[in-house]
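Trainee: model-v5.csv is the file, holding CSV, C-alpha atoms:
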```
chain,number,residue,atom,x,y,z
N,1,MET,CA,-0.9,4.6,-23.4
N,2,LEU,CA,-4.1,5.9,-22.0
N,3,THR,CA,-6.2,4.9,-25.0
N,4,VAL,CA,-5.3,1.2,-24.7
N,5,GLU,CA,-4.6,1.3,-21.0
N,6,PRO,CA,-8.0,0.2,-19.7
N,7,GLU,CA,-7.9,-2.9,-21.9
N,8,VAL,CA,-4.3,-3.7,-20.8
N,9,ILE,CA,-5.4,-3.3,-17.2
N,10,GLU,CA,-8.5,-5.5,-17.5
N,11,ARG,CA,-6.8,-8.2,-19.6
N,12,TYR,CA,-3.4,-8.3,-17.9
N,13,VAL,CA,-3.0,-6.2,-14.8
N,14,ARG,CA,-6.2,-7.1,-12.9
N,15,PRO,CA,-5.6,-10.8,-13.3
N,16,GLY,CA,-2.1,-10.4,-11.9
N,17,ARG,CA,-0.2,-11.2,-15.1
N,18,VAL,CA,1.4,-7.7,-15.6
N,19,ARG,CA,2.5,-5.0,-13.3
N,20,LEU,CA,2.3,-1.5,-14.7
N,21,VAL,CA,5.0,1.0,-13.9
N,22,PHE,CA,4.9,4.6,-14.7
N,23,ARG,CA,8.2,6.4,-15.1
N,24,ASP,CA,8.1,10.2,-15.8
N,25,VAL,CA,9.8,11.7,-18.9
N,26,LEU,CA,10.3,15.4,-18.7
N,27,ASN,CA,10.2,16.5,-22.3
N,28,HIS,CA,7.9,19.6,-21.9
N,29,GLY,CA,9.7,21.8,-19.4
N,30,GLU,CA,7.6,23.3,-16.7
N,31,ARG,CA,4.4,21.4,-17.7
N,32,SER,CA,6.1,18.1,-17.5
N,33,GLU,CA,7.7,18.9,-14.2
N,34,ARG,CA,4.6,20.3,-12.6
N,35,THR,CA,2.3,17.5,-13.7
N,36,SER,CA,4.7,14.9,-12.5
N,37,GLU,CA,4.9,16.7,-9.2
N,38,ALA,CA,1.1,16.7,-9.0
N,39,ALA,CA,1.1,13.0,-9.6
N,40,VAL,CA,3.6,12.5,-6.8
N,41,GLY,CA,1.5,14.7,-4.5
N,42,ALA,CA,-1.5,12.5,-5.2
N,43,GLY,CA,0.5,9.3,-5.2
N,44,LEU,CA,1.8,9.9,-1.7
N,45,GLN,CA,-1.8,9.6,-0.6
N,46,GLY,CA,-2.6,6.5,-2.7
N,47,GLN,CA,-4.2,8.4,-5.6
N,48,PHE,CA,-1.5,8.4,-8.2
N,49,TRP,CA,-3.5,6.5,-10.8
N,50,ALA,CA,-6.6,8.7,-10.2
N,51,MET,CA,-4.5,11.8,-10.8
N,52,HIS,CA,-2.8,10.1,-13.8
N,53,GLU,CA,-6.2,9.7,-15.3
N,54,ILE,CA,-7.2,13.3,-14.7
N,55,LEU,CA,-4.0,14.7,-16.1
N,56,PHE,CA,-4.4,12.8,-19.3
N,57,ALA,CA,-8.0,13.8,-19.6
N,58,GLU,CA,-7.1,17.5,-19.0
N,59,GLN,CA,-4.1,17.8,-21.3
N,60,GLN,CA,-5.6,20.7,-23.2
N,61,ALA,CA,-6.1,22.7,-20.0
N,62,VAL,CA,-2.5,22.0,-18.9
N,63,TRP,CA,-1.2,23.2,-22.2
N,64,GLY,CA,-3.1,26.4,-21.8
N,65,ALA,CA,-1.7,27.2,-18.4
N,66,SER,CA,1.7,28.2,-17.0
N,67,GLY,CA,3.3,29.5,-13.9
N,68,ASP,CA,1.0,30.2,-11.0
N,69,GLY,CA,-1.9,29.5,-13.2
N,70,LEU,CA,-0.7,26.0,-13.9
N,71,VAL,CA,-0.2,25.3,-10.2
N,72,ALA,CA,-3.7,26.5,-9.5
N,73,LEU,CA,-5.0,24.3,-12.2
N,74,LEU,CA,-3.3,21.3,-10.7
N,75,ARG,CA,-4.7,22.1,-7.3
N,76,ASP,CA,-8.1,22.2,-8.9
N,77,PHE,CA,-7.5,18.7,-10.2
N,78,ALA,CA,-6.4,17.6,-6.7
N,79,ALA,CA,-9.6,18.9,-5.3
N,80,ARG,CA,-11.5,16.4,-7.4
N,81,LEU,CA,-9.9,13.5,-5.6
N,82,PRO,CA,-12.0,12.4,-2.6
N,83,GLY,CA,-10.1,12.2,0.6
N,84,LEU,CA,-6.9,13.8,-0.7
N,85,ASP,CA,-5.2,16.0,1.9
N,86,GLN,CA,-5.1,19.3,0.0
N,87,ALA,CA,-2.6,20.8,2.4
N,88,VAL,CA,-0.1,18.0,1.8
N,89,PHE,CA,-0.7,18.3,-1.9
N,90,ALA,CA,-0.2,22.1,-1.8
N,91,ARG,CA,3.0,21.7,0.1
N,92,VAL,CA,4.4,19.3,-2.6
N,93,MET,CA,3.6,21.8,-5.2
N,94,ARG,CA,5.0,24.7,-3.2
N,95,GLU,CA,8.2,23.3,-1.9
N,96,ARG,CA,8.9,21.0,-4.8
N,97,PRO,CA,10.6,18.2,-2.8
N,98,ALA,CA,10.2,15.7,-5.6
N,99,LEU,CA,11.7,17.7,-8.4
N,100,ALA,CA,15.4,16.9,-8.0
N,101,ALA,CA,14.7,13.2,-8.0
N,102,LEU,CA,12.4,13.5,-11.0
N,103,LYS,CA,15.1,15.3,-12.9
N,104,ALA,CA,17.8,12.8,-11.9
N,105,ALA,CA,15.7,9.9,-13.0
N,106,ASP,CA,14.9,11.6,-16.3
N,107,ALA,CA,18.6,12.2,-16.9
N,108,GLU,CA,19.4,8.6,-16.2
N,109,GLN,CA,16.7,7.4,-18.5
N,110,ARG,CA,18.1,9.6,-21.3
N,111,LYS,CA,21.4,7.8,-21.1
N,112,ARG,CA,19.4,4.6,-21.9
N,113,GLY,CA,17.7,6.2,-24.9
N,114,ILE,CA,14.5,7.3,-23.3
N,115,THR,CA,14.3,10.6,-25.0
N,116,SER,CA,10.7,10.6,-26.4
N,117,GLN,CA,7.4,9.5,-25.0
N,118,PRO,CA,5.7,7.3,-24.8
N,119,ILE,CA,8.2,4.4,-24.7
N,120,PHE,CA,7.2,1.0,-23.3
N,121,GLU,CA,9.5,-1.7,-22.0
N,122,ILE,CA,7.9,-5.1,-21.7
N,123,GLY,CA,10.2,-7.8,-20.7
N,124,GLY,CA,13.2,-7.2,-22.9
N,125,GLN,CA,11.3,-5.5,-25.6
N,126,ARG,CA,11.1,-1.7,-26.2
N,127,LEU,CA,8.3,-0.2,-28.1
N,128,ALA,CA,8.5,3.5,-29.1
N,129,GLY,CA,5.4,5.7,-29.7
N,130,VAL,CA,1.7,5.2,-29.3
N,131,GLN,CA,0.8,1.5,-29.6
N,132,SER,CA,-2.3,-0.4,-30.6
N,133,PHE,CA,-3.7,-2.9,-28.1
N,134,ASP,CA,-2.7,-5.6,-30.5
N,135,ALA,CA,0.9,-4.5,-30.5
N,136,MET,CA,0.9,-4.3,-26.7
N,137,GLN,CA,-0.7,-7.7,-26.5
N,138,ARG,CA,1.9,-9.3,-28.7
N,139,ALA,CA,4.7,-7.9,-26.7
N,140,ILE,CA,3.1,-8.9,-23.4
N,141,GLU,CA,2.4,-12.5,-24.6
N,142,THR,CA,5.9,-12.8,-25.8
N,143,ALA,CA,7.2,-11.7,-22.4
N,144,LEU,CA,4.9,-14.0,-20.6
N,145,LYS,CA,6.2,-17.0,-22.6
N,146,ALA,CA,9.8,-16.1,-22.0
O,147,MET,CA,22.0,2.5,-1.3
O,148,THR,CA,21.2,-0.9,0.1
O,149,ALA,CA,17.8,-2.0,1.1
O,150,SER,CA,18.8,-2.2,4.8
O,151,ILE,CA,19.9,1.4,4.8
O,152,GLU,CA,16.7,2.4,3.1
O,153,ARG,CA,14.7,0.7,5.8
O,154,ILE,CA,16.7,2.5,8.5
O,155,LEU,CA,16.3,5.8,6.9
O,156,THR,CA,12.7,5.2,6.3
O,157,ARG,CA,12.1,4.3,9.9
O,158,ARG,CA,14.0,7.4,11.1
O,159,ALA,CA,12.0,9.5,8.7
O,160,LEU,CA,8.7,8.2,9.8
O,161,LEU,CA,9.6,8.8,13.4
O,162,ARG,CA,10.6,12.3,12.7
O,163,LEU,CA,7.5,12.9,10.7
O,164,ALA,CA,5.4,11.6,13.6
O,165,THR,CA,7.1,14.2,15.8
O,166,GLY,CA,6.7,17.2,13.6
O,167,GLY,CA,7.9,16.7,10.1
O,168,LEU,CA,11.2,16.4,8.3
O,169,GLY,CA,13.1,19.2,6.6
O,170,LEU,CA,13.9,19.0,2.9
O,171,ALA,CA,17.6,18.4,3.7
O,172,GLY,CA,16.6,15.3,5.5
O,173,ALA,CA,14.1,14.4,2.7
O,174,ALA,CA,16.9,14.5,0.2
O,175,ARG,CA,18.6,11.6,1.9
O,176,LEU,CA,15.6,9.4,1.8
O,177,VAL,CA,14.7,6.7,-0.6
O,178,ALA,CA,11.5,5.1,-1.4
O,179,CYS,CA,10.1,3.2,1.5
O,180,GLY,CA,7.3,1.3,-0.3
O,181,GLY,CA,6.7,-1.0,-3.1
O,182,VAL,CA,8.4,-4.1,-4.3
O,183,THR,CA,10.8,-4.6,-7.1
O,184,THR,CA,9.1,-5.2,-10.4
O,185,GLY,CA,11.3,-8.1,-11.5
O,186,THR,CA,12.2,-6.2,-14.6
O,187,ALA,CA,15.3,-4.0,-14.9
O,188,THR,CA,14.1,-0.5,-14.1
O,189,ALA,CA,17.6,0.6,-13.5
O,190,PRO,CA,17.2,2.5,-10.3
O,191,SER,CA,19.3,5.6,-10.7
O,192,ALA,CA,17.9,8.6,-8.9
O,193,ALA,CA,19.7,9.2,-5.7
O,194,THR,CA,16.4,10.0,-4.2
O,195,SER,CA,13.1,8.9,-5.3
O,196,PRO,CA,10.6,11.6,-6.3
O,197,ALA,CA,7.9,10.2,-4.1
O,198,ALA,CA,10.1,9.6,-1.1
O,199,ALA,CA,11.5,13.1,-1.2
O,200,ALA,CA,8.1,14.6,-1.6
O,201,GLN,CA,6.7,12.4,1.1
O,202,SER,CA,9.1,13.7,3.7
O,203,GLY,CA,9.1,17.2,2.3
O,204,ALA,CA,5.4,17.3,2.5
O,205,GLY,CA,5.3,16.1,6.1
O,206,SER,CA,3.1,13.3,5.1
O,207,ALA,CA,3.3,10.0,6.9
O,208,ALA,CA,1.2,8.3,4.3
O,209,SER,CA,1.9,4.7,3.6
O,210,THR,CA,3.3,4.0,0.2
O,211,ALA,CA,1.4,1.0,-0.8
O,212,THR,CA,-2.3,1.3,-0.8
O,213,THR,CA,-5.5,0.0,-2.5
O,214,ASP,CA,-7.4,3.3,-2.1
O,215,VAL,CA,-8.2,4.0,-5.7
O,216,ALA,CA,-10.5,6.7,-6.8
O,217,ALA,CA,-10.7,6.1,-10.6
O,218,PRO,CA,-12.8,3.2,-11.8
O,219,PRO,CA,-10.2,1.6,-14.2
O,220,TYR,CA,-7.9,1.0,-11.3
O,221,GLN,CA,-10.5,0.2,-8.7
O,222,GLY,CA,-9.6,-2.8,-6.6
O,223,ILE,CA,-6.1,-3.2,-8.0
O,224,ALA,CA,-3.1,-3.0,-5.7
O,225,GLN,CA,-0.9,0.0,-6.0
O,226,GLY,CA,2.7,0.3,-4.9
O,227,ARG,CA,6.1,1.8,-5.8
O,228,THR,CA,9.3,0.6,-7.3
O,229,PRO,CA,12.4,0.7,-5.1
O,230,ASP,CA,13.3,3.9,-6.8
O,231,GLY,CA,9.9,5.4,-6.0
O,232,PHE,CA,7.9,5.2,-9.2
O,233,PHE,CA,4.3,4.3,-8.9
O,234,THR,CA,2.9,0.9,-9.9
O,235,LEU,CA,-0.4,-0.8,-10.5
O,236,GLY,CA,-0.9,-4.5,-10.1
O,237,ASP,CA,0.5,-7.5,-8.3
O,238,ALA,CA,4.1,-7.0,-7.2
O,239,ALA,CA,4.5,-10.7,-8.1
O,240,ALA,CA,3.2,-10.4,-11.6
O,241,PRO,CA,5.5,-12.2,-14.0
O,242,VAL,CA,5.8,-9.3,-16.4
O,243,ALA,CA,6.4,-5.6,-15.8
O,244,LEU,CA,5.2,-3.1,-18.4
O,245,ILE,CA,7.2,0.1,-17.9
O,246,ASP,CA,5.5,3.2,-19.4
O,247,TYR,CA,7.9,6.0,-19.9
O,248,SER,CA,5.8,9.1,-20.4
O,249,ASP,CA,4.7,12.4,-19.3
O,250,PHE,CA,1.2,13.6,-18.9
O,251,LEU,CA,1.1,15.8,-22.0
```
I need this file expressed as structure tokens, please.
Mentor:
Amino acid sequence: MLTVEPEVIERYVRPGRVRLVFRDVLNHGERSERTSEAAVGAGLQGQFWAMHEILFAEQQAVWGASGDGLVALLRDFAARLPGLDQAVFARVMRERPALAALKAADAEQRKRGITSQPIFEIGGQRLAGVQSFDAMQRAIETALKA
Amino acid sequence: MTASIERILTRRALLRLATGGLGLAGAARLVACGGVTTGTATAPSAATSPAAAAQSGAGSAASTATTDVAAPPYQGIAQGRTPDGFFTLGDAAAPVALIDYSDFL
């Protein structure tokens, strides 16, 4: 989504025509879980979307890390966010209070066929895989007319 | 869990947070306390939202809806959460919801 996301945001989200919802899919084990937890840790402080952008920009670094190194990397990302309470973020990463709910949501989504990523639902339409802006626009315009 | 129960739990949680934090056992009973429904079926299913659980577990009394955005693409756009705790961008009253199922990899 990230490649076309800025245009979707400017054309549809900012004018109030579309609301964007991010739902986590845990297809890559520890890295999926940890990055989603990091996004929650930032999101609790109003910076989910900023962390979302960092995580997508730093995918290579995430793939190269694991275990304590992965957590340290994610804490480095958090440190880039102005005003973020690092102690709160660290506690989310250490105590993992969001993990059970993330897993439960992922399990529920799998029952609805959400087994790969990205998948988009726009109105009643489901689009699987990376989409061009034109494809997203067609789906959005169809939903807006429904 | 009904919306009214959510509100009660949320109020209790915030009170407890204000007086020293909430244990994870309590956090597990919480549900999202922010955001507005998207108007599109997001099929709330998780017994506990990730964000709500983390919020209480982290001892943070942060509000859920905010416009404090650091990254330019989202600057000035309302942020919120779905009833089941997933993060949103844009007007809660927008006629269409675009649900992005993804991870960050």
Trainee: With a distance threshold of 7 Å and counting only C-alpha atoms, extract the residues of chain N near chain O and express them as a PyMOL selection string.
Mentor: chain N and resi 6+13-14+16-26+32+35+40+44-47+50+55-56+59+81+88+91-92+97-99+101-102+104-105+108+117-123+143-144
Trainee: Would you compute the distance between CA of Glu30 (chain N) and CA of Lys103 (chain N)? Give it in Å to one decimal.
Mentor: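 Going from CA of Glu30 (chain N) over to CA of Lys103 (chain N), I get 11.6 Å.
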Trainee: If you measure from CA of Arg138 (chain N) to CA of Glu53 (chain N), what distance in Å do you get, rounded to one decimal?
Mentor: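 Atom-to-atom, CA of Arg138 (chain N) and CA of Glu53 (chain N) are spaced 24.6 Å apart.
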Trainee: N:Lys111, N:Arg31, N:Gly83, N:Gly129: which is nearest Gly64 (chain N), counting only C-alpha atoms?
Mentor: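 Smallest separation from Gly64 (chain N) among the options: N:Arg31.
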Trainee: Using CA of Ala90 (chain N) and CA of His52 (chain N) as the two end points, give the distance in Å to one decimal.
Mentor: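 Distance between the two atoms: 17.2 Å.
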Trainee: Identify which of the residues N:Phe133, N:Phe89, N:Tyr12, N:Trp49 lies closest to Ala72 (chain N), counting only C-alpha atoms when measuring atom-to-atom distances.
Mentor: N:Phe89
